[in-house]
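Asks: Dropping in entry.cif, with mmCIF, C-alpha atoms.
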data_work
#
loop_
_atom_site.label_atom_id
_atom_site.label_comp_id
_atom_site.auth_asym_id
_atom_site.auth_seq_id
_atom_site.Cartn_x
_atom_site.Cartn_y
_atom_site.Cartn_z
CA MET M 115 25.71 73.66 -266.56
CA ALA M 116 23.77 71.21 -268.74
CA ALA M 117 23.44 67.59 -267.77
CA ALA M 118 25.50 65.16 -269.82
CA GLU M 119 23.64 63.05 -272.33
CA PRO M 120 23.29 59.40 -271.41
CA ALA M 121 25.68 57.16 -273.29
CA ARG M 122 24.13 55.44 -276.26
CA PRO M 123 24.57 51.69 -276.49
CA ARG M 124 27.05 50.78 -279.21
CA ARG M 125 25.94 48.66 -282.08
CA ALA M 126 28.06 45.64 -282.71
CA SER M 127 29.58 45.49 -286.17
CA SER M 128 28.75 42.49 -288.32
CA HIS M 129 32.23 41.05 -287.69
CA ALA M 130 31.91 41.34 -283.91
CA ALA M 131 28.38 39.97 -283.90
CA GLY M 132 29.45 36.80 -285.62
CA ASP M 133 27.16 37.10 -288.62
CA GLY M 134 29.80 38.52 -290.92
CA GLU M 135 31.01 36.70 -293.97
CA GLY M 136 34.67 37.41 -293.17
CA GLN M 137 34.64 35.79 -289.76
CA ALA M 138 36.25 32.36 -289.62
CA ARG M 139 34.02 29.56 -288.44
CA GLU M 140 35.44 27.06 -286.01
CA ARG M 141 35.96 23.68 -287.62
CA PRO M 142 37.10 20.99 -285.19
CA GLY M 143 40.71 20.02 -285.84
CA ARG M 144 41.05 22.42 -288.76
CA ALA M 145 42.43 25.91 -289.06
CA PRO M 146 39.89 28.61 -289.88
CA ARG M 147 40.12 30.04 -293.40
CA ARG M 148 40.50 33.65 -294.35
CA ARG M 149 38.23 35.13 -296.97
CA SER M 150 40.76 34.37 -299.70
CA GLY M 151 40.70 30.69 -298.79
CA LYS M 152 44.30 30.75 -297.51
CA ALA M 153 45.00 30.56 -293.79
CA GLY M 154 46.81 33.61 -292.39
CA ALA M 155 50.27 33.42 -290.83
CA ALA M 156 49.10 33.39 -287.21
CA VAL M 157 46.46 30.75 -287.95
CA ALA M 158 49.00 28.65 -289.88
CA MET M 159 51.50 28.89 -287.04
CA ARG M 160 48.98 27.69 -284.46
CA ALA M 161 47.74 24.95 -286.81
CA ALA M 162 51.27 23.64 -287.41
CA ALA M 163 52.00 23.45 -283.68
CA GLN M 164 48.61 21.98 -282.76
CA GLN M 165 48.50 19.29 -285.42
CA LEU M 166 52.12 18.23 -284.87
CA ALA M 167 51.38 17.92 -281.13
CA GLU M 168 48.46 15.61 -281.91
CA LEU M 169 50.67 13.37 -284.06
CA LEU M 170 53.70 13.29 -281.74
CA GLY M 171 51.92 13.30 -278.40
CA ARG M 172 54.28 16.08 -277.21
CA LEU M 173 53.63 19.79 -276.83
CA PRO M 174 55.66 22.06 -279.11
CA ASP M 175 58.08 24.43 -277.44
CA SER M 176 58.02 27.06 -280.20
CA VAL M 177 57.61 27.74 -283.89
CA SER M 178 61.01 28.96 -285.08
CA SER M 179 60.06 29.82 -288.66
CA LEU M 180 57.06 30.13 -290.91
CA LYS M 181 56.95 30.93 -294.60
CA PRO M 182 54.31 30.85 -297.31
CA THR M 183 54.72 28.38 -300.16
CA GLU M 184 52.85 27.90 -303.43
CA ASP M 185 50.69 25.22 -301.81
CA GLY M 186 50.23 26.72 -298.32
CA TRP M 187 52.79 27.12 -295.52
CA GLU M 188 56.03 25.61 -294.24
CA ALA M 189 56.91 25.88 -290.55
CA HIS M 190 59.76 24.70 -288.35
CA VAL M 191 58.47 23.61 -284.96
CA GLU M 192 60.72 22.96 -281.94
CA VAL M 193 59.67 20.11 -279.65
CA VAL M 194 61.12 18.80 -276.36
CA GLU M 195 61.79 15.12 -277.05
CA LEU M 196 63.46 14.21 -273.75
CA GLU M 197 63.23 16.34 -270.60
CA ARG M 198 66.33 16.39 -268.43
CA ILE M 199 67.57 18.24 -265.37
CA PRO M 200 68.91 20.84 -265.78
CA ASP M 201 66.59 21.79 -268.63
CA THR M 202 69.52 23.11 -270.70
CA THR M 203 70.42 19.45 -271.30
CA SER M 204 66.93 18.48 -272.52
CA VAL M 205 66.90 16.93 -276.00
CA MET M 206 65.07 19.10 -278.53
CA ALA M 207 64.01 18.34 -282.10
CA SER M 208 63.19 20.61 -285.00
CA TYR M 209 60.41 19.46 -287.32
CA ARG M 210 59.63 20.80 -290.79
CA VAL M 211 55.85 20.91 -291.15
CA ALA M 212 54.03 21.45 -294.45
CA LEU M 213 50.48 22.79 -294.40
CA ASP M 214 48.06 23.14 -297.29
CA GLU M 215 46.33 26.46 -297.95
CA ASP M 216 43.51 25.55 -295.54
CA GLY M 217 46.01 25.03 -292.71
CA GLU M 218 45.82 21.22 -292.77
CA LEU M 219 49.05 19.35 -292.05
CA ILE M 220 50.11 17.39 -295.13
CA SER M 221 53.60 16.27 -294.03
CA TYR M 222 56.19 16.58 -291.31
CA GLU M 223 59.82 15.56 -290.94
CA ARG M 224 62.30 15.73 -288.09
CA THR M 225 65.26 17.68 -289.45
CA ARG M 226 67.50 18.10 -286.41
CA ARG M 227 68.08 16.99 -282.79
CA TYR M 228 70.05 19.06 -280.29
CA THR M 229 70.30 19.94 -276.62
CA ARG M 230 68.32 22.96 -275.45
CA GLY M 231 71.44 24.77 -274.26
CA MET M 232 73.22 24.39 -277.61
CA ILE M 233 74.00 27.65 -279.38
CA ASP M 234 73.98 27.77 -283.17
CA ARG M 235 77.46 28.28 -284.53
CA PRO M 236 78.29 29.70 -287.96
CA THR M 237 79.24 26.99 -290.45
#
Reformat the file's structure so that it appears as structure tokens.
Replies:
Amino acid sequence: MAAAEPARPRRASSHAAGDGEGQARERPGRAPRRRSGKAGAAVAMRAAAQQLAELLGRLPDSVSSLKPTEDGWEAHVEVVELERIPDTTSVMASYRVALDEDGELISYERTRRYTRGMIDRPT
């Protein structure tokens, strides 16, 4: 039986090595750009939550929707405005957040307040 060949070290691709053109560079307080110049959905979602948290001083609970627009992205971010016990009675707020194509927050607006335990009912 022949001895197994030693494993060759793998070469890192240009994207993994960090010298690739397509890799996003970290910019403090700003969402990284994709090659096309428009932030991707996951990046936009994180940027909406992060930047809204900075403005409100409260951590977002979730991002309930995200959609592309002509100018960038629009997200709805859920935030706990008043914590109560039990937590199903905590006061929540839904904010509409507009981001430009670089992932920068350009506007936000509180659109709704409700208790966490409230179930949406058909209108």
Asks: Taking into account only C-alpha atoms, which residue in the set M:Ala156, M:Ala161, M:Glu215, M:Arg230 is nearest to M:Arg198?
Replies: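 The closest residue to M:Arg198 is M:Arg230.
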Asks: I'd like the residues picked by the PyMOL selection byres ((chain M and resi 217-222) around 7) written out as number ranges by chain, using the chain letters and numbers from the file.
Replies: M: 144-145, 153, 158, 161-162, 165, 209-216, 223-224
Asks: Interatomic distance between atom CA of M:Val177 and atom CA of M:Glu192?
Replies: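 About the pair atom CA of M:Val177 and atom CA of M:Glu192: they are 6.0 Å apart.
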Asks: In Å, with one decimal, what is the gap from atom CA of M:Val191 to atom CA of M:Arg172?
Replies: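 Taking atom CA of M:Val191 as the start and atom CA of M:Arg172 as the end point, the length is 11.6 Å.
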